[in-house]
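File shown: target16.cif (mmCIF, N, CA and C atoms and all ligand atoms).
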data_final
loop_
_atom_site.label_atom_id
_atom_site.label_comp_id
_atom_site.auth_asym_id
_atom_site.auth_seq_id
_atom_site.Cartn_x
_atom_site.Cartn_y
_atom_site.Cartn_z
N MET A 452 0.84 -1.21 0.00
CA MET A 452 0.00 0.00 0.00
C MET A 452 0.87 1.25 0.00
N LYS A 453 1.90 1.23 0.87
CA LYS A 453 2.81 2.37 0.95
C LYS A 453 3.55 2.55 -0.38
N THR A 454 3.98 1.43 -0.93
CA THR A 454 4.70 1.47 -2.21
C THR A 454 3.81 2.06 -3.29
N THR A 455 2.55 1.68 -3.27
CA THR A 455 1.60 2.20 -4.25
C THR A 455 1.51 3.71 -4.16
N MET A 456 1.46 4.20 -2.93
CA MET A 456 1.36 5.65 -2.72
C MET A 456 2.58 6.36 -3.28
N ILE A 457 3.76 5.82 -2.99
CA ILE A 457 5.00 6.43 -3.45
C ILE A 457 5.04 6.43 -4.98
N THR A 458 4.66 5.33 -5.58
CA THR A 458 4.65 5.23 -7.03
C THR A 458 3.72 6.27 -7.63
N LEU A 459 2.58 6.44 -7.00
CA LEU A 459 1.60 7.42 -7.48
C LEU A 459 2.17 8.83 -7.44
N VAL A 460 2.82 9.15 -6.34
CA VAL A 460 3.40 10.49 -6.20
C VAL A 460 4.51 10.69 -7.22
N MET A 461 5.37 9.70 -7.35
CA MET A 461 6.52 9.82 -8.24
C MET A 461 6.12 9.96 -9.70
N SER A 462 5.05 9.31 -10.07
CA SER A 462 4.65 9.35 -11.47
C SER A 462 3.50 10.33 -11.69
N PHE A 463 3.51 11.37 -10.90
CA PHE A 463 2.43 12.35 -10.94
C PHE A 463 2.16 12.89 -12.34
N PHE A 464 3.21 13.37 -13.00
CA PHE A 464 3.03 13.95 -14.33
C PHE A 464 2.57 12.90 -15.34
N PHE A 465 3.14 11.72 -15.18
CA PHE A 465 2.76 10.63 -16.07
C PHE A 465 1.28 10.31 -15.90
N THR A 466 0.84 10.28 -14.67
CA THR A 466 -0.56 10.00 -14.37
C THR A 466 -1.48 11.04 -15.01
N VAL A 467 -1.07 12.28 -14.93
CA VAL A 467 -1.87 13.36 -15.52
C VAL A 467 -2.05 13.13 -17.01
N THR A 468 -0.98 12.76 -17.69
CA THR A 468 -1.09 12.55 -19.13
C THR A 468 -1.90 11.30 -19.45
N ILE A 469 -1.77 10.29 -18.61
CA ILE A 469 -2.51 9.04 -18.79
C ILE A 469 -4.02 9.29 -18.77
N LEU A 470 -4.42 10.22 -17.97
CA LEU A 470 -5.85 10.54 -17.86
C LEU A 470 -6.45 10.92 -19.21
N ASN A 471 -5.62 11.45 -20.07
CA ASN A 471 -6.10 11.81 -21.40
C ASN A 471 -6.37 10.58 -22.26
N ALA A 472 -5.74 9.46 -21.88
CA ALA A 472 -5.94 8.17 -22.53
C ALA A 472 -5.94 8.23 -24.05
N GLN A 473 -4.82 8.64 -24.57
CA GLN A 473 -4.69 8.72 -26.03
C GLN A 473 -3.52 7.86 -26.49
N GLN A 474 -3.48 7.64 -27.77
CA GLN A 474 -2.37 6.90 -28.35
C GLN A 474 -1.07 7.68 -28.23
N LYS A 475 -1.22 8.99 -28.32
CA LYS A 475 -0.06 9.85 -28.20
C LYS A 475 -0.05 10.54 -26.85
N GLN A 476 1.03 10.34 -26.14
CA GLN A 476 1.19 11.01 -24.85
C GLN A 476 2.31 12.03 -24.98
N GLU A 477 2.21 13.05 -24.16
CA GLU A 477 3.25 14.06 -24.16
C GLU A 477 3.79 14.20 -22.74
N ILE A 478 5.10 14.32 -22.65
CA ILE A 478 5.70 14.49 -21.33
C ILE A 478 6.81 15.52 -21.42
N LYS A 479 6.98 16.27 -20.35
CA LYS A 479 8.09 17.21 -20.26
C LYS A 479 9.08 16.66 -19.26
N ILE A 480 10.34 16.58 -19.67
CA ILE A 480 11.38 16.07 -18.79
C ILE A 480 12.44 17.14 -18.62
N LYS A 481 12.76 17.41 -17.38
CA LYS A 481 13.80 18.39 -17.07
C LYS A 481 15.17 17.73 -17.28
N THR A 482 16.00 18.36 -18.10
CA THR A 482 17.32 17.79 -18.38
C THR A 482 18.42 18.73 -17.89
N SER A 483 19.66 18.27 -18.08
CA SER A 483 20.81 19.11 -17.72
C SER A 483 21.50 19.65 -18.97
N ALA A 484 20.74 19.81 -20.05
CA ALA A 484 21.30 20.31 -21.30
C ALA A 484 21.87 21.72 -21.12
N GLN A 485 22.98 22.01 -21.81
CA GLN A 485 23.64 23.30 -21.65
C GLN A 485 23.65 24.15 -22.91
N CYS A 486 23.75 23.50 -24.07
CA CYS A 486 23.95 24.28 -25.29
C CYS A 486 23.23 23.62 -26.47
N SER A 487 23.42 24.21 -27.65
CA SER A 487 22.71 23.67 -28.82
C SER A 487 23.23 22.29 -29.22
N MET A 488 24.47 21.99 -28.85
CA MET A 488 24.98 20.63 -29.12
C MET A 488 24.20 19.61 -28.29
N CYS A 489 23.90 20.01 -27.08
CA CYS A 489 23.10 19.13 -26.21
C CYS A 489 21.72 18.90 -26.82
N LYS A 490 21.15 20.00 -27.29
CA LYS A 490 19.83 19.93 -27.91
C LYS A 490 19.83 18.94 -29.07
N ASP A 491 20.82 19.07 -29.96
CA ASP A 491 20.93 18.16 -31.10
C ASP A 491 21.10 16.72 -30.64
N ARG A 492 21.99 16.54 -29.66
CA ARG A 492 22.30 15.19 -29.19
C ARG A 492 21.07 14.54 -28.57
N ILE A 493 20.36 15.30 -27.76
CA ILE A 493 19.19 14.76 -27.07
C ILE A 493 18.07 14.45 -28.07
N GLU A 494 17.80 15.38 -28.97
CA GLU A 494 16.71 15.16 -29.92
C GLU A 494 17.03 14.02 -30.88
N LYS A 495 18.31 13.91 -31.27
CA LYS A 495 18.71 12.83 -32.17
C LYS A 495 18.56 11.48 -31.47
N THR A 496 19.03 11.42 -30.22
CA THR A 496 18.93 10.18 -29.45
C THR A 496 17.48 9.75 -29.30
N LEU A 497 16.62 10.71 -28.98
CA LEU A 497 15.21 10.37 -28.77
C LEU A 497 14.53 9.97 -30.08
N SER A 498 15.03 10.51 -31.20
CA SER A 498 14.43 10.15 -32.48
C SER A 498 14.67 8.67 -32.80
N TYR A 499 15.75 8.11 -32.23
CA TYR A 499 16.04 6.68 -32.42
C TYR A 499 15.36 5.81 -31.38
N GLU A 500 14.80 6.44 -30.36
CA GLU A 500 14.20 5.70 -29.26
C GLU A 500 12.86 5.11 -29.70
N LYS A 501 12.67 3.84 -29.39
CA LYS A 501 11.44 3.14 -29.79
C LYS A 501 10.21 3.82 -29.16
N GLY A 502 9.19 4.04 -29.95
CA GLY A 502 7.94 4.58 -29.43
C GLY A 502 7.89 6.08 -29.30
N VAL A 503 8.99 6.76 -29.66
CA VAL A 503 9.01 8.22 -29.56
C VAL A 503 8.67 8.83 -30.92
N PHE A 504 7.64 9.66 -30.94
CA PHE A 504 7.24 10.31 -32.19
C PHE A 504 8.10 11.54 -32.46
N SER A 505 8.24 12.38 -31.46
CA SER A 505 9.02 13.60 -31.64
C SER A 505 9.49 14.14 -30.31
N SER A 506 10.50 14.98 -30.38
CA SER A 506 10.98 15.61 -29.15
C SER A 506 11.48 17.00 -29.49
N ASN A 507 11.34 17.89 -28.52
CA ASN A 507 11.81 19.26 -28.72
C ASN A 507 12.36 19.79 -27.40
N LEU A 508 13.63 20.15 -27.44
CA LEU A 508 14.26 20.65 -26.22
C LEU A 508 14.27 22.17 -26.21
N ASN A 509 13.77 22.72 -25.13
CA ASN A 509 13.80 24.16 -24.93
C ASN A 509 15.04 24.49 -24.11
N LEU A 510 16.00 25.18 -24.72
CA LEU A 510 17.26 25.44 -24.03
C LEU A 510 17.13 26.44 -22.88
N GLU A 511 16.09 27.24 -22.91
CA GLU A 511 15.91 28.21 -21.82
C GLU A 511 15.41 27.54 -20.55
N THR A 512 14.48 26.62 -20.72
CA THR A 512 13.94 25.91 -19.55
C THR A 512 14.67 24.59 -19.31
N LYS A 513 15.42 24.14 -20.32
CA LYS A 513 16.12 22.84 -20.30
C LYS A 513 15.15 21.67 -20.23
N GLU A 514 13.92 21.93 -20.59
CA GLU A 514 12.93 20.87 -20.59
C GLU A 514 12.78 20.32 -22.01
N VAL A 515 12.75 19.01 -22.08
CA VAL A 515 12.48 18.40 -23.38
C VAL A 515 11.05 17.88 -23.38
N THR A 516 10.31 18.28 -24.41
CA THR A 516 8.94 17.82 -24.57
C THR A 516 8.97 16.62 -25.51
N VAL A 517 8.48 15.49 -25.03
CA VAL A 517 8.54 14.27 -25.82
C VAL A 517 7.13 13.77 -26.10
N VAL A 518 6.85 13.50 -27.36
CA VAL A 518 5.58 12.89 -27.74
C VAL A 518 5.87 11.42 -28.05
N TYR A 519 5.16 10.53 -27.37
CA TYR A 519 5.48 9.12 -27.50
C TYR A 519 4.22 8.26 -27.50
N ASN A 520 4.41 7.02 -27.90
CA ASN A 520 3.33 6.05 -27.89
C ASN A 520 3.39 5.26 -26.58
N PRO A 521 2.40 5.42 -25.71
CA PRO A 521 2.45 4.78 -24.39
C PRO A 521 2.40 3.25 -24.45
N LYS A 522 2.04 2.71 -25.60
CA LYS A 522 2.03 1.25 -25.73
C LYS A 522 3.42 0.72 -26.03
N LYS A 523 4.30 1.60 -26.49
CA LYS A 523 5.64 1.15 -26.87
C LYS A 523 6.75 1.61 -25.95
N THR A 524 6.48 2.66 -25.21
CA THR A 524 7.52 3.14 -24.29
C THR A 524 6.86 3.84 -23.12
N ASN A 525 7.66 4.32 -22.20
CA ASN A 525 7.12 5.04 -21.04
C ASN A 525 8.14 6.08 -20.58
N PRO A 526 7.72 7.00 -19.72
CA PRO A 526 8.62 8.08 -19.29
C PRO A 526 9.92 7.57 -18.67
N ASP A 527 9.85 6.45 -17.93
CA ASP A 527 11.07 5.93 -17.31
C ASP A 527 12.09 5.51 -18.37
N LYS A 528 11.61 4.90 -19.44
CA LYS A 528 12.52 4.47 -20.50
C LYS A 528 13.13 5.68 -21.21
N ILE A 529 12.32 6.70 -21.38
CA ILE A 529 12.80 7.92 -22.04
C ILE A 529 13.85 8.60 -21.15
N ARG A 530 13.56 8.65 -19.85
CA ARG A 530 14.53 9.24 -18.92
C ARG A 530 15.83 8.44 -18.93
N LEU A 531 15.70 7.12 -18.99
CA LEU A 531 16.89 6.26 -19.00
C LEU A 531 17.73 6.53 -20.24
N ALA A 532 17.07 6.73 -21.37
CA ALA A 532 17.79 7.01 -22.62
C ALA A 532 18.59 8.30 -22.48
N LEU A 533 18.03 9.28 -21.79
CA LEU A 533 18.72 10.57 -21.58
C LEU A 533 19.89 10.38 -20.62
N SER A 534 19.69 9.60 -19.58
CA SER A 534 20.75 9.34 -18.62
C SER A 534 21.93 8.63 -19.28
N LYS A 535 21.63 7.69 -20.16
CA LYS A 535 22.67 6.91 -20.84
C LYS A 535 23.59 7.76 -21.70
N ILE A 536 23.10 8.91 -22.17
CA ILE A 536 23.96 9.77 -22.97
C ILE A 536 24.53 10.93 -22.14
N GLY A 537 24.37 10.84 -20.82
CA GLY A 537 25.06 11.79 -19.96
C GLY A 537 24.25 12.95 -19.44
N TYR A 538 22.93 12.85 -19.53
CA TYR A 538 22.12 13.96 -19.05
C TYR A 538 21.22 13.53 -17.90
N GLN A 539 21.01 14.47 -16.99
CA GLN A 539 20.03 14.23 -15.94
C GLN A 539 18.65 14.29 -16.57
N ALA A 540 17.75 13.48 -16.06
CA ALA A 540 16.38 13.50 -16.56
C ALA A 540 15.46 13.46 -15.35
N ASP A 541 14.89 14.60 -15.03
CA ASP A 541 14.12 14.75 -13.79
C ASP A 541 15.01 14.30 -12.62
N ASP A 542 14.55 13.31 -11.85
CA ASP A 542 15.32 12.88 -10.68
C ASP A 542 16.37 11.83 -11.01
N LEU A 543 16.37 11.38 -12.25
CA LEU A 543 17.33 10.36 -12.65
C LEU A 543 18.68 10.99 -12.95
N LYS A 544 19.72 10.50 -12.28
CA LYS A 544 21.06 11.05 -12.49
C LYS A 544 21.66 10.60 -13.82
N ALA A 545 22.53 11.45 -14.36
CA ALA A 545 23.21 11.10 -15.60
C ALA A 545 24.18 9.94 -15.36
N ASP A 546 24.30 9.09 -16.36
CA ASP A 546 25.30 8.03 -16.30
C ASP A 546 26.67 8.69 -16.20
N PRO A 547 27.45 8.37 -15.13
CA PRO A 547 28.72 9.10 -14.90
C PRO A 547 29.72 8.97 -16.04
N PHE A 548 29.78 7.79 -16.66
CA PHE A 548 30.74 7.59 -17.75
C PHE A 548 30.34 8.38 -18.99
N ALA A 549 29.06 8.35 -19.29
CA ALA A 549 28.55 9.11 -20.45
C ALA A 549 28.73 10.60 -20.21
N TYR A 550 28.49 11.01 -18.98
CA TYR A 550 28.65 12.44 -18.64
C TYR A 550 30.09 12.87 -18.81
N GLU A 551 31.03 12.06 -18.35
CA GLU A 551 32.46 12.38 -18.47
C GLU A 551 32.88 12.54 -19.93
N ALA A 552 32.24 11.77 -20.79
CA ALA A 552 32.59 11.77 -22.21
C ALA A 552 32.03 12.98 -22.96
N LEU A 553 31.15 13.74 -22.32
CA LEU A 553 30.57 14.91 -22.99
C LEU A 553 31.63 15.99 -23.19
N PRO A 554 31.50 16.79 -24.26
CA PRO A 554 32.41 17.92 -24.44
C PRO A 554 32.28 18.89 -23.26
N PRO A 555 33.35 19.64 -22.94
CA PRO A 555 33.31 20.55 -21.78
C PRO A 555 32.12 21.50 -21.79
N CYS A 556 31.72 21.99 -22.96
CA CYS A 556 30.62 22.96 -23.00
C CYS A 556 29.29 22.34 -22.62
N CYS A 557 29.22 21.02 -22.60
CA CYS A 557 27.97 20.35 -22.30
C CYS A 557 27.87 19.93 -20.84
N LYS A 558 28.94 20.18 -20.09
CA LYS A 558 28.90 19.80 -18.68
C LYS A 558 28.24 20.89 -17.84
N LEU A 559 27.87 20.51 -16.64
CA LEU A 559 27.18 21.44 -15.75
C LEU A 559 28.11 22.58 -15.36
N PRO A 560 27.56 23.78 -15.24
CA PRO A 560 28.38 24.95 -14.88
C PRO A 560 29.21 24.72 -13.62
N GLU A 561 28.64 24.05 -12.62
CA GLU A 561 29.39 23.84 -11.37
C GLU A 561 30.61 22.94 -11.59
N ASP A 562 30.51 22.00 -12.53
CA ASP A 562 31.64 21.12 -12.80
C ASP A 562 32.74 21.87 -13.55
N LYS A 563 32.33 22.76 -14.42
CA LYS A 563 33.32 23.58 -15.16
C LYS A 563 34.12 24.41 -14.16
N ASN A 564 33.42 25.00 -13.19
CA ASN A 564 34.09 25.81 -12.18
C ASN A 564 35.08 24.99 -11.37
N HIS A 565 34.66 23.77 -11.03
CA HIS A 565 35.54 22.89 -10.26
C HIS A 565 36.85 22.69 -10.98
N GLN A 566 36.76 22.46 -12.29
CA GLN A 566 37.98 22.18 -13.06
C GLN A 566 38.84 23.42 -13.18
N GLU A 567 38.20 24.57 -13.39
CA GLU A 567 38.97 25.79 -13.61
C GLU A 567 39.60 26.33 -12.33
N HIS A 568 38.91 26.10 -11.21
CA HIS A 568 39.39 26.73 -9.98
C HIS A 568 40.01 25.71 -9.02
N ARG A 569 40.45 24.60 -9.55
CA ARG A 569 41.04 23.59 -8.67
C ARG A 569 42.37 24.12 -8.09
N HIS A 570 42.54 24.00 -6.78
CA HIS A 570 43.76 24.53 -6.15
C HIS A 570 44.77 23.44 -5.91
CU CU B 601 26.09 20.96 -25.01
#
Output the structure of this file as structure tokens.
Ligand SMILES: [Cu+2]
Amino acid sequence: MKTTMITLVMSFFFTVTILNAQQKQEIKIKTSAQCSMCKDRIEKTLSYEKGVFSSNLNLETKEVTVVYNPKKTNPDKIRLALSKIGYQADDLKADPFAYEALPPCCKLPEDKNHQEHRH
């Protein structure tokens, strides 16, 4: 019962979209994208992701809007795909190895500072 409650809270946004009960669902995922290279990388990756119709990353809000088929994929899978290429996706942390492999301009501002100001 407790687990059910937690699941419900965690998938709040997903639940809201589910209520629409359509073939096409839309979800917004907060990412750690920094620049237009990130935008290209994220949208390209999602275009290869099974069940994803389209995606659009807003660099100002860092949110990616994904339109997907709920019968073929789900928000967790989409978040995982983003994590695998080095980006945070909502509460899901970026894969550390993929993140390390990103170009410097695509890393988080705090990490850039760490490297530049290391004593
Ligand atoms: Cu970038």
**OP:** Kindly give the distance, in Å, that separates atom N of Ala549 in chain A and CA of Leu533 in chain A, rounded to a single decimal.
**Re:**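 Atom-to-atom, atom N of Ala549 in chain A to CA of Leu533 in chain A, that is 10.8 Å.
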Chain A near ligand CU 601 (chain B) within 7 Å: what's each residue's closest atom pair and its distance in Å to one decimal, counting all atoms listed in the file, ordered by chain then ascending residue number, as a tab-separated table?
residue	atom	partner	partner_atom	distance
A:Ala484	C	B:CU601	CU	5.8
A:Gln485	C	B:CU601	CU	4.5
A:Cys486	N	B:CU601	CU	3.6
A:Ser487	N	B:CU601	CU	5.0
A:Met488	C	B:CU601	CU	4.0
A:Cys489	N	B:CU601	CU	3.2
A:Lys490	N	B:CU601	CU	5.5
A:Pro554	C	B:CU601	CU	6.8
A:Pro555	C	B:CU601	CU	6.9
A:Cys556	C	B:CU601	CU	4.2
A:Cys557	CA	B:CU601	CU	3.4
A:Lys558	N	B:CU601	CU	5.7
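As for CA of Lys535 in chain A and CA of Leu459 in chain A, they are spaced 25.0 Å apart.
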Original post:
When you draw a straight line from CA of Glu561 in chain A to CA of Leu497 in chain A, how long is it in Å?
Top reply: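 These atoms are spaced 26.2 Å apart.
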Original post:
Can you tell me, as a count of residues only, what residues are no more than 12 Å from Val517 in chain A when counting only C-alpha atoms, ignoring any on the same chain fewer than 6 positions away?
Top reply: 30
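Comparing A:Ile536, A:Asp542, A:Arg492, A:Gln474 by their smallest distance to Lys523 in chain A, the closest is A:Gln474 (using only C-alpha atoms).
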Original post:
Taking into account all atoms listed in the file, which residue in the set A:Pro560, A:Ser534, A:Ser462, A:Lys453 is nearest to Asp546 in chain A?
Top reply: A:Ser534
**OP:** From the DSSP assignment of the backbone, select every residue of range 470-507 of chain A that is strand (DSSP E or B), and format the answer as a PyMOL selection string.
**Re:** chain A and resi 476-482+503-507
**OP:** Have a look at A:Asp562, A:Val518, A:Met452, A:Glu511 and name the one nearest to Tyr550 in chain A; count only C-alpha atoms.
**Re:**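 So, comparing all the options, the nearest one is A:Asp562.
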Original post:
For Leu543 in chain A, which residue out of A:Thr455, A:Tyr519, A:Leu531, A:Asp491 is the nearest one, using only C-alpha atoms?
Top reply: A:Leu531
**OP:** Taking the DSSP assignment computed from this structure's backbone, write out as a count of residues only all residues of chain A that belong to helix (DSSP H, G or I).
**Re:** 55
